[in-house]
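A quick write-up on the structure given underneath.
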Amino acid sequence: HLYRWGEVSGAMDKCKKLKNGWIAAGAGSAADIHYFFDWIERGADPDDALKLDNLDGIMIDPKGNVLIVETGLKPYPLKAEFYAGGSGSTGALVAMSLGASPEEAVRAVMKFDIGVGGDVISVRL
């Protein structure tokens, strides 16, 4: 599952299944997340990558392979049981390490991090 939450300044879909079958999620600026989603739908060509100033991203291919993406749009494989990005990532990682589900972790972080808010949604492969 991937979960998203809105920004305090306004909500947007930060997690979605793309037209090409990939699932992507991002934390950071709305502009960077929109570019990230569009970049994946165009084929995630490294030659077409921009340096984004404010992005923690995750992308999952239709086979279930998970890649992490940061400011330079250079995906690398996730080698961990779970992952979190954005301002609430440390709290979410601690909560999940203590047995919380991803949704429970996000809801817990929403209580304490001013940069995390909105509705929690999940997207399945």
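In the structure tokens, chains take letters A, B, ... by order of appearance, with residues numbered from 1 within each chain and ligands from 1 in the order shown.
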
Checklist entry - Which residues, written as a ChimeraX atom specification, have at least one atom at most 7 Å from Asp32 (chain A), with only C-alpha atoms counted and residues fewer than 6 positions away on the same chain left out? => result /A:52,54-55

Next on the checklist: Can you pull out the residues contacting region 79-85 of chain A? Cut-off 8 Å, using only C-alpha atoms, and skip same-chain residues under 4 positions away; I want them as a PyMOL selection string.
Outcome noted: chain A and resi 26-27+56-57+89-90+92-93+96

Next on the checklist: Among region 2-125 of chain A, which residues does DSSP mark as strand (DSSP E or B) when it is run on the backbone? Keep the chain and numbering as in the structure and answer as a count of residues only.
Outcome noted: 35

Next on the checklist: Which of chain A end up as alpha helix (DSSP H) when DSSP is run on this backbone - answer as a PyMOL selection string?
Outcome noted: chain A and resi 30-41+89-97+102-110

Checklist entry - Nearest to Met110 (chain A) among A:Arg124, A:Ala49, A:Ile33, A:Gly91, with distances taken over only C-alpha atoms: which residue is it? => result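 Checking each candidate against Met110 (chain A), we get A:Gly91 as the closest.
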
Next on the checklist: Counting only C-alpha atoms, which residue out of A:Asp113, A:Ala95, A:Gly86, A:Leu73 sits closest to Asp45 (chain A)?
Outcome noted: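 Nearest to Asp45 (chain A): A:Leu73.
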
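Nearest residue to Ser87 (chain A) among A:Ile23, A:Ile114, A:Lys74, A:Pro62 is A:Ile114, counting only C-alpha atoms.
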
Checklist entry - In Å, with one decimal, what is the gap from CA of Pro77 (chain A) to CA of Met12 (chain A)? => result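 We find that CA of Pro77 (chain A) and CA of Met12 (chain A) lie 25.9 Å from each other.
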
Next on the checklist: I'd like the interatomic distance between CA of Ser101 (chain A) and CA of Ser29 (chain A), to a tenth of an Å.
Outcome noted: 25.3 Å

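Computed from the coordinates, the CA of Asp13 (chain A) to CA of Ala25 (chain A) distance equals 8.5 Å.
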
Checklist entry - Do you know which residues are at most 9 Å from Tyr35 (chain A) counting only C-alpha atoms, after dropping those on the same chain fewer than 4 positions away, and could you put them as a ChimeraX atom specification? => result /A:30-31,39-40,50,52

Can you spit out the residues from that selection as a short mmCIF file (atom, residue, chain, number, x, y, z; two decimals), in the first residue's frame, using N, CA, C and O atoms?
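Once everything was written out, this is part_13.cif:
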```cif
data_model
loop_
_atom_site.label_atom_id
_atom_site.label_comp_id
_atom_site.auth_asym_id
_atom_site.auth_seq_id
_atom_site.Cartn_x
_atom_site.Cartn_y
_atom_site.Cartn_z
N ALA A 30 4.22 20.71 -4.59
CA ALA A 30 3.23 20.24 -5.57
C ALA A 30 3.81 20.25 -6.97
O ALA A 30 3.59 19.31 -7.74
N ALA A 31 4.55 21.28 -7.34
CA ALA A 31 5.12 21.37 -8.69
C ALA A 31 6.08 20.21 -8.95
O ALA A 31 6.05 19.59 -10.02
N TRP A 39 6.97 12.70 -15.47
CA TRP A 39 8.24 12.10 -15.89
C TRP A 39 8.12 10.57 -15.95
O TRP A 39 8.57 9.95 -16.90
N ILE A 40 7.48 9.97 -14.96
CA ILE A 40 7.28 8.52 -14.96
C ILE A 40 6.40 8.12 -16.14
O ILE A 40 6.69 7.15 -16.85
N LEU A 50 15.07 16.32 -14.38
CA LEU A 50 15.46 17.62 -13.84
C LEU A 50 15.92 17.42 -12.40
O LEU A 50 15.54 16.47 -11.74
N LEU A 52 15.14 18.34 -9.00
CA LEU A 52 14.01 18.91 -8.28
C LEU A 52 14.47 19.29 -6.87
O LEU A 52 15.19 18.55 -6.22
#
```

Next on the checklist: Just checking: using only C-alpha atoms, which residue out of A:Val120, A:Arg107, A:Pro75, A:Pro46 ends up closest to Ile58 (chain A)?
Outcome noted: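 The closest residue to Ile58 (chain A) is A:Pro75.
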
Checklist entry - Skipping near chain neighbours, those fewer than 2 positions away, what residues fall within 7 Å of Leu78 (chain A) using only C-alpha atoms, listed as a ChimeraX atom specification? => result /A:66-68,76,80

Residues within 7 Å of Ala24 (chain A), please, as a CSV table (one decimal) with N, CA and C atoms, in the first residue's frame. Count only C-alpha atoms; anything in the same chain fewer than 5 positions from it doesn't count.
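Printed below is result.csv as written:
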```
chain,number,residue,atom,x,y,z
A,15,CYS,N,-0.3,10.5,-4.3
A,15,CYS,CA,-0.1,9.1,-4.5
A,15,CYS,C,-1.2,8.7,-5.5
A,16,LYS,N,-0.7,8.1,-6.6
A,16,LYS,CA,-1.7,7.6,-7.5
A,16,LYS,C,-1.2,6.5,-8.5
A,17,LYS,N,-2.1,5.8,-9.1
A,17,LYS,CA,-1.8,4.8,-10.1
A,17,LYS,C,-1.8,5.6,-11.4
A,37,PHE,N,5.4,12.7,-11.5
A,37,PHE,CA,4.4,11.8,-12.0
A,37,PHE,C,4.4,11.9,-13.6
A,58,ILE,N,8.6,7.8,-4.4
A,58,ILE,CA,8.6,6.3,-4.5
A,58,ILE,C,7.8,5.9,-5.7
A,59,MET,N,8.4,5.0,-6.5
A,59,MET,CA,7.7,4.5,-7.7
A,59,MET,C,7.7,3.0,-7.7
A,60,ILE,N,6.6,2.4,-8.1
A,60,ILE,CA,6.4,0.9,-8.1
A,60,ILE,C,6.0,0.6,-9.5
```
